[in-house]
Structures are given as C-alpha cells and as structure tokens.
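The structure appears below as structure tokens.
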Amino acid sequence: MTAILSATELTAELAGSRPPVLLDVRWQLGGPNLRPEYEAGHVPGAVYVDLDRELAGPPGAGGRHPLPDAEAFGAVMRRAGVGSDTPVVVYDGGLGWAAARAWWMLRWTGHPNVRVLDGGLPAWTSAGGALSAEVPAPAEGDFKPQPGAVGLLDADGAAALARSGLLLDARAGERYRGEVEPIDRVGGHIPGAVSAPTTENVGPDGRFLPAAELRERFGALGAAGSTEVGVYCGSGVSGAHQVLALEVAGIPAALYSGSWSEWSSDDSRPVAVGPDPQ
C-alpha cells in the first residue's frame, strides 16, 4: 500500500464499495484554529481534527507538540468514524505537514491503512472535486490504539542515532545553522544531525517528488543500504512530513517527536551551529 494518493484516486475510492474515512487536518503554525475554514467547505464527508488539541498533548518539557495520550487520541479517531480496519485518508490545506502528523499518529498507534492526499485540499479542488459545508456525524468507529507500531525516538535515542546512523533535521537551513531561531530558546542543531529541509521533498505545487527522486535525495544525504534513519524538526510536525517522504521513497525512518523544541529546552543538551553536522 502506498502512503499517498492523488485526488483522482481519492475520487474513485469515494465512489467505490469501501470508501475511506476522511480527516481534514487543516492547521497553521501559531495561527488560529482553522475549523471555520473547514465548516465553510471541505471534501464531502470529511471530519475535522484539531492538530493542536487532538494530535498533540499540552506543550511543556516534552516540546511544543508532545504526543497526546494514546487513549485520548483513540477516542478522537473513533468519534471521527475510524475503525480498526477501515481505510483512512488525511488531508490539510496543502502544506502537508499536519496531514502527515495525523498519518504518522495513526501509523504509530497501529492503524494498517492510512494515506495522505498528495497536495491536500488544493489538489482536490484543482481536480474538480466538490466541497461541502455539511458537517457529518459518522458512526462511532472501533479503532483501539496500540502505540509502538513504527519507530519513535526520544532525546537520547536521537543523540545516539546521529552518531550511529543518520539523523535528519527537517527544519529550514538557517534554523539548522543557528542563524535565526524564531520559536525556540536557542538556534542550532543536534550534534551529528544532517540538514534536510522538508520543503525540498515537494515540487512547486506542494506534491511529493517522484519516489525515485526522493530516493536519490535521501541517498545523497546518507540514507543508503542498512543505515538506520531518524528525523526531527521543530516540534514533531514537519518531521512527520519528512518521515512520510522517506516512506514514499521506500526508506523506513523513526521520528523524534519532541524534536528541537524539547531538545533546546534542556540546558544539559549540546547544541551545534553552522552548516556541518559536527
């Protein structure tokens, strides 16, 4: 099963005998809740999921978007109609980060069939897809989360992987180098991590590069053979998008969910600056 699908493929599946559950995860970093935009128009049948409240726990020592309580997450998914074996398709406003976070959360908690709409809502409307303002009331699903189905790193694990394997930093290059830090306490990167901005995984239309191009990109960064790969970002959102891009390329990767917002909040953790992993 592929991790992404096109708007055309989604249209066909929605008309089929086993249509997927749709989750709308539109979100903007530091901005207001986007439920009003969802209510104004969404893919028919989609249920809105709030990243800040439902795909993350309260910010704190674990970072700006720590993992939510698994049972609370499961309750959110069941209310959205997610079953243990029902296909799920997630989309957002086009950036792909929020959709990838929901995709990763479902994968990590054991759901076997979840994909991201490549290009998000803009891809849907560009393909002629209709929008609806009707808020659905789906039947309760039976999904029960079983955390641990895919790789998850803590701070110590990320530090170790930066030396023993490949740890990719998905943030913008200037944040990795420590030239600017608009959000977290200090700029720079985890020593040994390699800069790999998430924005370079997609084309101008926001859709993922072809799998072969992604394999070439990640191979050039060091993801080759049996090398173990991990990813972090600012708070575990854009990093999930990088894990998704790696999945498209056929490369398994673990996510350091606390990411730089957790790492940089601890004065005992070392910080590297400049263009080199160090």
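Going by the structure tokens order, chains are called A, B, ..., each with residues numbered from 1, while ligands are numbered from 1 in the order shown.
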Each residue of segment 31-94 of chain A with at least one atom at most 12 Å from segment 197-219 of chain A should appear once, together with its nearest atom pair and the corresponding distance in Å (one decimal); atoms considered: only C-alpha atoms; ordering: chain, then increasing residue number; output as a tab-separated table.
```
residue	atom	partner	partner_atom	distance
A:Tyr91	CA	A:Arg207	CA	12.0
A:Asp92	CA	A:Gly206	CA	11.3
A:Gly93	CA	A:Gly206	CA	10.1
A:Gly94	CA	A:Gly206	CA	6.3
```
Discussion item. List the spatial neighbours of segment 7-14 of chain A as JSON, numbers by chain - criterion: any atom at most 12 Å away, only C-alpha atoms, same-chain residues fewer than 3 positions off excluded.
Written reply: {"A": [2, 4, 17, 18, 19, 20, 21, 22, 43, 44, 45, 46, 87, 88, 89, 90, 91, 115, 116, 117, 118, 119, 120, 121, 122, 123, 124, 125, 126, 127, 128, 129, 130, 207]}
Please dump the current selection as a short mmCIF file (atom, residue, chain, number, x, y, z; two decimals), in the first residue's frame; keep N, CA, C and O atoms.
```cif
data_model
loop_
_atom_site.label_atom_id
_atom_site.label_comp_id
_atom_site.auth_asym_id
_atom_site.auth_seq_id
_atom_site.Cartn_x
_atom_site.Cartn_y
_atom_site.Cartn_z
N THR A 2 0.56 2.18 -0.88
CA THR A 2 1.30 3.43 -0.91
C THR A 2 0.84 4.34 0.22
O THR A 2 -0.27 4.22 0.73
N ILE A 4 0.62 7.68 -0.03
CA ILE A 4 -0.09 8.85 -0.54
C ILE A 4 -1.01 8.41 -1.68
O ILE A 4 -0.84 7.32 -2.25
N SER A 17 -16.99 0.65 -3.27
CA SER A 17 -17.78 -0.10 -2.29
C SER A 17 -17.27 0.05 -0.87
O SER A 17 -17.97 -0.27 0.08
N ARG A 18 -16.02 0.52 -0.72
CA ARG A 18 -15.43 0.65 0.62
C ARG A 18 -14.74 2.00 0.73
O ARG A 18 -13.51 2.09 0.76
N PRO A 19 -15.51 3.07 0.78
CA PRO A 19 -14.91 4.41 0.80
C PRO A 19 -14.13 4.65 2.09
O PRO A 19 -14.49 4.15 3.16
N PRO A 20 -13.07 5.42 2.02
CA PRO A 20 -12.27 5.68 3.22
C PRO A 20 -12.92 6.70 4.14
O PRO A 20 -13.73 7.53 3.71
N VAL A 21 -12.56 6.64 5.41
CA VAL A 21 -12.87 7.72 6.35
C VAL A 21 -11.96 8.89 5.99
O VAL A 21 -10.76 8.71 5.76
N LEU A 22 -12.52 10.09 5.95
CA LEU A 22 -11.76 11.28 5.58
C LEU A 22 -11.54 12.17 6.81
O LEU A 22 -12.48 12.46 7.55
N VAL A 43 -13.87 18.50 1.79
CA VAL A 43 -14.20 17.34 0.99
C VAL A 43 -15.43 16.67 1.62
O VAL A 43 -15.47 16.45 2.83
N PRO A 44 -16.46 16.41 0.83
CA PRO A 44 -17.68 15.85 1.41
C PRO A 44 -17.42 14.62 2.28
O PRO A 44 -16.72 13.69 1.87
N GLY A 45 -17.96 14.67 3.49
CA GLY A 45 -17.83 13.55 4.42
C GLY A 45 -16.65 13.65 5.35
O GLY A 45 -16.53 12.85 6.28
N ALA A 46 -15.77 14.63 5.14
CA ALA A 46 -14.57 14.74 5.99
C ALA A 46 -14.91 15.26 7.37
O ALA A 46 -15.78 16.12 7.54
N PRO A 87 -10.18 1.92 5.80
CA PRO A 87 -9.18 2.80 5.20
C PRO A 87 -9.42 4.25 5.64
O PRO A 87 -10.55 4.68 5.83
N VAL A 88 -8.33 4.98 5.81
CA VAL A 88 -8.38 6.38 6.23
C VAL A 88 -7.55 7.21 5.26
O VAL A 88 -6.45 6.81 4.87
N VAL A 89 -8.09 8.36 4.87
CA VAL A 89 -7.35 9.33 4.06
C VAL A 89 -7.35 10.66 4.80
O VAL A 89 -8.39 11.12 5.26
N VAL A 90 -6.18 11.26 4.90
CA VAL A 90 -6.00 12.51 5.63
C VAL A 90 -5.55 13.59 4.66
O VAL A 90 -4.76 13.33 3.75
N TYR A 91 -6.06 14.81 4.85
CA TYR A 91 -5.58 15.93 4.04
C TYR A 91 -5.54 17.19 4.88
O TYR A 91 -6.14 17.27 5.96
N ARG A 115 -3.53 6.88 4.47
CA ARG A 115 -2.78 7.57 3.42
C ARG A 115 -3.06 9.07 3.49
O ARG A 115 -4.04 9.51 4.08
N VAL A 116 -2.19 9.81 2.83
CA VAL A 116 -2.31 11.26 2.77
C VAL A 116 -2.67 11.67 1.34
O VAL A 116 -2.09 11.15 0.37
N LEU A 117 -3.62 12.59 1.22
CA LEU A 117 -3.96 13.15 -0.09
C LEU A 117 -2.83 14.04 -0.55
O LEU A 117 -2.56 15.08 0.06
N ASP A 118 -2.14 13.64 -1.59
CA ASP A 118 -0.98 14.39 -2.08
C ASP A 118 -1.42 15.75 -2.61
O ASP A 118 -2.26 15.84 -3.51
N GLY A 119 -0.87 16.81 -2.04
CA GLY A 119 -1.24 18.16 -2.45
C GLY A 119 -2.39 18.75 -1.67
O GLY A 119 -2.72 19.92 -1.84
N GLY A 120 -3.03 17.95 -0.81
CA GLY A 120 -4.07 18.46 0.07
C GLY A 120 -5.31 18.98 -0.64
O GLY A 120 -5.62 18.60 -1.78
N LEU A 121 -6.01 19.87 0.04
CA LEU A 121 -7.27 20.39 -0.49
C LEU A 121 -7.09 21.10 -1.83
O LEU A 121 -7.95 20.97 -2.71
N PRO A 122 -6.00 21.86 -2.05
CA PRO A 122 -5.84 22.48 -3.38
C PRO A 122 -5.79 21.46 -4.51
O PRO A 122 -6.30 21.72 -5.60
N ALA A 123 -5.19 20.30 -4.27
CA ALA A 123 -5.15 19.27 -5.30
C ALA A 123 -6.56 18.74 -5.58
O ALA A 123 -6.91 18.46 -6.73
N TRP A 124 -7.35 18.62 -4.52
CA TRP A 124 -8.73 18.15 -4.67
C TRP A 124 -9.54 19.12 -5.53
O TRP A 124 -10.21 18.72 -6.48
N THR A 125 -9.51 20.39 -5.20
CA THR A 125 -10.30 21.37 -5.95
C THR A 125 -9.75 21.55 -7.37
O THR A 125 -10.53 21.74 -8.31
N SER A 126 -8.43 21.48 -7.54
CA SER A 126 -7.86 21.61 -8.88
C SER A 126 -8.30 20.47 -9.79
O SER A 126 -8.40 20.65 -11.01
N ALA A 127 -8.57 19.31 -9.20
CA ALA A 127 -9.02 18.16 -9.97
C ALA A 127 -10.53 18.18 -10.20
O ALA A 127 -11.08 17.22 -10.76
N GLY A 128 -11.19 19.25 -9.76
CA GLY A 128 -12.63 19.37 -9.94
C GLY A 128 -13.45 18.81 -8.81
O GLY A 128 -14.69 18.70 -8.94
N GLY A 129 -12.81 18.48 -7.70
CA GLY A 129 -13.55 17.93 -6.57
C GLY A 129 -14.47 18.95 -5.92
O GLY A 129 -14.10 20.13 -5.78
N ALA A 130 -15.65 18.52 -5.54
CA ALA A 130 -16.63 19.39 -4.91
C ALA A 130 -16.30 19.61 -3.44
O ALA A 130 -15.60 18.80 -2.82
N ARG A 207 3.13 18.95 -4.07
CA ARG A 207 3.02 17.49 -4.13
C ARG A 207 4.41 16.87 -4.04
O ARG A 207 5.41 17.47 -4.45
#
```
Item to complete: Based on DSSP run over this structure's backbone, return all residues of segment 60-189 of chain A in helix (DSSP H, G or I), as a PyMOL selection string.
Response: chain A and resi 70-79+97-108+120-126+155-164+173-177
Item to complete: Write down as a ChimeraX atom specification the residues belonging to segment 12-150 of chain A that are assigned strand (DSSP E or B) by DSSP computed on the backbone.
Response: /A:21-24,42,47-48,60,63,88-91,114-117,132
Discussion item. Let me make sure I understand: among A:Ala272, A:Trp263, A:Gly173, A:Ala162, which one has the smallest atom-to-atom distance to Thr227 of chain A if we use only C-alpha atoms?
Written reply: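 Nearest candidate to Thr227 of chain A out of A:Ala272, A:Trp263, A:Gly173, A:Ala162: A:Ala162.
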Item to complete: Write out as a PyMOL selection string which residues come within 7 Å of segment 70-73 of chain A when counting only C-alpha atoms, dropping same-chain ones fewer than 5 positions away.
Response: chain A and resi 54-55+145
For the selection you just gave me, I'd like the residues written to a file as a PDB file, in the first residue's frame, keeping C-alpha atoms.
```pdb
ATOM      1  CA  GLU A  54      -6.197  16.353  19.350  1.00  0.00           C
ATOM      2  CA  LEU A  55      -2.928  15.328  17.698  1.00  0.00           C
ATOM      3  CA  PRO A 145      -4.527   2.446  19.540  1.00  0.00           C
TER       4      PRO A 145
END
```
Discussion item. Report as an NGL selection string all protein, DNA and RNA residues lying within 8 Å of Glu140 of chain A, evaluated on only C-alpha atoms, omitting residues in the same chain fewer than 2 positions from it.
Written reply: :A and (78-82 or 138 or 142)
Output C-alpha atoms for every residue in the selection just made, as a PDB file, in the first residue's frame.
```pdb
ATOM      1  CA  ARG A  78     -13.337   6.709  16.985  1.00  0.00           C
ATOM      2  CA  ARG A  79     -15.531   9.822  17.077  1.00  0.00           C
ATOM      3  CA  ALA A  80     -14.319  10.559  13.563  1.00  0.00           C
ATOM      4  CA  GLY A  81     -15.516   7.132  12.462  1.00  0.00           C
ATOM      5  CA  VAL A  82     -12.133   5.412  12.279  1.00  0.00           C
ATOM      6  CA  PRO A 138     -20.191   9.483  11.418  1.00  0.00           C
ATOM      7  CA  ASP A 142     -13.790   0.827  16.896  1.00  0.00           C
TER       8      ASP A 142
END
```
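Within 8 Å of Gly192 of chain A, once only C-alpha atoms are used and residues closer than 2 positions along the same chain are dropped, the contacting residues are Ala159, Ala162, Arg163, Leu167, Ile190, Val194, Pro277 and Gln278 of chain A.
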Surrounding residues of Trp108 of chain A excluding itself and chain neighbours under 6 positions, 8 Å, only C-alpha atoms, as a PDB file with N, CA, C and O atoms, in the first residue's frame:
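Contents of selection.pdb, freshly written:
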```
ATOM      1  N   GLN A 146      -2.607   1.036  19.536  1.00  0.00           N
ATOM      2  CA  GLN A 146      -1.569   0.162  20.083  1.00  0.00           C
ATOM      3  C   GLN A 146      -0.222   0.806  19.759  1.00  0.00           C
ATOM      4  O   GLN A 146       0.405   0.486  18.745  1.00  0.00           O
ATOM      5  N   PRO A 147       0.219   1.749  20.590  1.00  0.00           N
ATOM      6  CA  PRO A 147       1.440   2.511  20.290  1.00  0.00           C
ATOM      7  C   PRO A 147       2.664   1.622  20.098  1.00  0.00           C
ATOM      8  O   PRO A 147       2.787   0.565  20.715  1.00  0.00           O
ATOM      9  N   GLY A 148       3.543   2.090  19.217  1.00  0.00           N
ATOM     10  CA  GLY A 148       4.796   1.398  19.004  1.00  0.00           C
ATOM     11  C   GLY A 148       4.907   0.669  17.687  1.00  0.00           C
ATOM     12  O   GLY A 148       5.886  -0.042  17.454  1.00  0.00           O
ATOM     13  N   ALA A 149       3.934   0.848  16.810  1.00  0.00           N
ATOM     14  CA  ALA A 149       3.948   0.110  15.549  1.00  0.00           C
ATOM     15  C   ALA A 149       5.015   0.607  14.583  1.00  0.00           C
ATOM     16  O   ALA A 149       5.432  -0.132  13.688  1.00  0.00           O
ATOM     17  N   VAL A 150       5.454   1.860  14.714  1.00  0.00           N
ATOM     18  CA  VAL A 150       6.546   2.393  13.896  1.00  0.00           C
ATOM     19  C   VAL A 150       7.543   3.090  14.820  1.00  0.00           C
ATOM     20  O   VAL A 150       7.267   3.306  15.996  1.00  0.00           O
ATOM     21  N   GLY A 151       8.693   3.459  14.270  1.00  0.00           N
ATOM     22  CA  GLY A 151       9.791   3.955  15.079  1.00  0.00           C
ATOM     23  C   GLY A 151       9.550   5.299  15.730  1.00  0.00           C
ATOM     24  O   GLY A 151       9.077   6.242  15.087  1.00  0.00           O
TER      25      GLY A 151
END
```
